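Engineer: Before I ask anything, let me first share the structure, which is written out below as structure tokens.
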Amino acid sequence: MEFNTEKCGCCGACISVCPNRSLELTENKIIINKNKCDDCGRCTYVCPLGAFYIEGNV
Ligand code: SF4
Ligand code: SF4
């Protein structure tokens, strides 16, 4: 799971769908805790701005 900070509009939608609570909104940007992320892909589907992407699958 990779994340393009510049595309993020800080809507918070991804935070509420992450089953592992690996996303946090801090100071107007999203932080991914990669240790908790299992690449389930939910955040990629929910983000209205396409800020998440799976590496090699752009
Ligand atoms: S891929 Fe899944 S576990 Fe990882 S940040 Fe997105 S929603 Fe959370
Ligand atoms: S869903 Fe997308 S735009 Fe909204 S906070 Fe998450 S990464 Fe940012």
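Residues are named by chain letter and number: chains run A, B, ... in the order of the structure tokens, numbers start at 1 in each chain, and ligands are numbered from 1 in the order shown.
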If the limit is 7 Å from any atom of ligand 1, counting only C-alpha atoms and all ligand atoms, which residues qualify? Return them as a PDB file with N, CA, C and O atoms, in the first residue's frame.

Structural biologist:
ATOM      1  N   MET A   1       0.827  -1.195   0.000  1.00  0.00           N
ATOM      2  CA  MET A   1       0.000   0.000   0.000  1.00  0.00           C
ATOM      3  C   MET A   1       0.863   1.247   0.000  1.00  0.00           C
ATOM      4  O   MET A   1       1.715   1.404   0.856  1.00  0.00           O
ATOM      5  N   CYS A  14     -11.074   7.013   4.726  1.00  0.00           N
ATOM      6  CA  CYS A  14     -10.220   5.824   4.790  1.00  0.00           C
ATOM      7  C   CYS A  14     -10.034   5.353   6.230  1.00  0.00           C
ATOM      8  O   CYS A  14      -9.953   4.160   6.490  1.00  0.00           O
ATOM      9  N   VAL A  17     -12.806   3.027   7.458  1.00  0.00           N
ATOM     10  CA  VAL A  17     -12.951   1.697   6.851  1.00  0.00           C
ATOM     11  C   VAL A  17     -11.782   0.761   7.152  1.00  0.00           C
ATOM     12  O   VAL A  17     -11.870  -0.425   6.897  1.00  0.00           O
ATOM     13  N   CYS A  18     -10.701   1.300   7.681  1.00  0.00           N
ATOM     14  CA  CYS A  18      -9.535   0.441   7.918  1.00  0.00           C
ATOM     15  C   CYS A  18      -9.789  -0.516   9.075  1.00  0.00           C
ATOM     16  O   CYS A  18     -10.008  -0.078  10.200  1.00  0.00           O
ATOM     17  N   PRO A  19      -9.783  -1.818   8.815  1.00  0.00           N
ATOM     18  CA  PRO A  19     -10.087  -2.797   9.860  1.00  0.00           C
ATOM     19  C   PRO A  19      -8.973  -2.924  10.894  1.00  0.00           C
ATOM     20  O   PRO A  19      -9.189  -3.411  11.989  1.00  0.00           O
ATOM     21  N   ASN A  20      -7.794  -2.476  10.531  1.00  0.00           N
ATOM     22  CA  ASN A  20      -6.643  -2.639  11.430  1.00  0.00           C
ATOM     23  C   ASN A  20      -6.244  -1.346  12.126  1.00  0.00           C
ATOM     24  O   ASN A  20      -5.231  -1.304  12.809  1.00  0.00           O
ATOM     25  N   ARG A  21      -7.031  -0.310  11.907  1.00  0.00           N
ATOM     26  CA  ARG A  21      -6.728   1.001  12.477  1.00  0.00           C
ATOM     27  C   ARG A  21      -5.303   1.423  12.188  1.00  0.00           C
ATOM     28  O   ARG A  21      -4.584   1.910  13.056  1.00  0.00           O
ATOM     29  N   SER A  22      -4.895   1.217  10.973  1.00  0.00           N
ATOM     30  CA  SER A  22      -3.522   1.573  10.629  1.00  0.00           C
ATOM     31  C   SER A  22      -3.404   2.976  10.052  1.00  0.00           C
ATOM     32  O   SER A  22      -2.312   3.404   9.722  1.00  0.00           O
ATOM     33  N   LEU A  23      -4.534   3.693   9.958  1.00  0.00           N
ATOM     34  CA  LEU A  23      -4.484   5.050   9.417  1.00  0.00           C
ATOM     35  C   LEU A  23      -4.805   6.065  10.499  1.00  0.00           C
ATOM     36  O   LEU A  23      -5.679   5.854  11.311  1.00  0.00           O
ATOM     37  N   ILE A  32       0.237   6.368   7.549  1.00  0.00           N
ATOM     38  CA  ILE A  32      -0.030   4.927   7.510  1.00  0.00           C
ATOM     39  C   ILE A  32       0.943   4.223   8.437  1.00  0.00           C
ATOM     40  O   ILE A  32       2.148   4.413   8.321  1.00  0.00           O
ATOM     41  N   LYS A  36       0.863  -2.200  10.876  1.00  0.00           N
ATOM     42  CA  LYS A  36      -0.492  -2.709  11.088  1.00  0.00           C
ATOM     43  C   LYS A  36      -1.218  -2.999   9.785  1.00  0.00           C
ATOM     44  O   LYS A  36      -2.187  -3.734   9.762  1.00  0.00           O
ATOM     45  N   CYS A  37      -0.789  -2.377   8.704  1.00  0.00           N
ATOM     46  CA  CYS A  37      -1.489  -2.530   7.428  1.00  0.00           C
ATOM     47  C   CYS A  37      -1.249  -3.904   6.831  1.00  0.00           C
ATOM     48  O   CYS A  37      -0.105  -4.352   6.735  1.00  0.00           O
ATOM     49  N   ASP A  38      -2.328  -4.577   6.434  1.00  0.00           N
ATOM     50  CA  ASP A  38      -2.158  -5.881   5.790  1.00  0.00           C
ATOM     51  C   ASP A  38      -2.530  -5.829   4.303  1.00  0.00           C
ATOM     52  O   ASP A  38      -2.824  -6.844   3.698  1.00  0.00           O
ATOM     53  N   ASP A  39      -2.547  -4.614   3.748  1.00  0.00           N
ATOM     54  CA  ASP A  39      -2.826  -4.442   2.320  1.00  0.00           C
ATOM     55  C   ASP A  39      -4.173  -5.000   1.888  1.00  0.00           C
ATOM     56  O   ASP A  39      -4.313  -5.548   0.807  1.00  0.00           O
ATOM     57  N   CYS A  40      -5.165  -4.835   2.730  1.00  0.00           N
ATOM     58  CA  CYS A  40      -6.493  -5.363   2.393  1.00  0.00           C
ATOM     59  C   CYS A  40      -7.121  -4.601   1.226  1.00  0.00           C
ATOM     60  O   CYS A  40      -7.981  -5.114   0.538  1.00  0.00           O
ATOM     61  N   GLY A  41      -6.717  -3.338   1.046  1.00  0.00           N
ATOM     62  CA  GLY A  41      -7.192  -2.567  -0.098  1.00  0.00           C
ATOM     63  C   GLY A  41      -8.447  -1.740   0.135  1.00  0.00           C
ATOM     64  O   GLY A  41      -8.876  -1.009  -0.749  1.00  0.00           O
ATOM     65  N   ARG A  42      -9.055  -1.837   1.300  1.00  0.00           N
ATOM     66  CA  ARG A  42     -10.309  -1.108   1.548  1.00  0.00           C
ATOM     67  C   ARG A  42     -10.133   0.394   1.361  1.00  0.00           C
ATOM     68  O   ARG A  42     -10.993   1.064   0.808  1.00  0.00           O
ATOM     69  N   CYS A  43      -9.032   0.924   1.839  1.00  0.00           N
ATOM     70  CA  CYS A  43      -8.827   2.380   1.732  1.00  0.00           C
ATOM     71  C   CYS A  43      -8.716   2.812   0.273  1.00  0.00           C
ATOM     72  O   CYS A  43      -9.132   3.913  -0.082  1.00  0.00           O
ATOM     73  N   THR A  44      -8.207   1.958  -0.584  1.00  0.00           N
ATOM     74  CA  THR A  44      -8.093   2.339  -1.998  1.00  0.00           C
ATOM     75  C   THR A  44      -9.470   2.463  -2.631  1.00  0.00           C
ATOM     76  O   THR A  44      -9.678   3.298  -3.488  1.00  0.00           O
TER      77      THR A  44
END

Engineer: Write out as a list of chain:residue names each polymer residue (protein, DNA or RNA) that has an atom no more than 6 Å from ligand 2, with only C-alpha atoms and all ligand atoms counted.

Structural biologist: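 Checking only C-alpha atoms and all ligand atoms against ligand 2 at 6 Å gives A:Cys8, A:Gly9, A:Cys10, A:Cys11, A:Gly12, A:Ala13, A:Cys14, A:Val46, A:Cys47, A:Pro48, A:Leu49, A:Ala51.
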
Engineer: What is the distance between CA of Tyr53 in chain A and CA of Glu2 in chain A, in Å to one decimal?

Structural biologist: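 Computing it gives 5.4 Å between the two atoms.
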
Engineer: Could you tell me how far CA of Lys7 in chain A sits from CA of Gly50 in chain A, in Å to one decimal place?

Structural biologist: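 That distance, rounded to one decimal, is 7.0 Å.
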
Engineer: Please identify the helix (DSSP H, G or I) residues within range 10-58 of chain A (assignment by DSSP from backbone atoms) and present them as a PyMOL selection string.

Structural biologist: chain A and resi 13-17+42-46
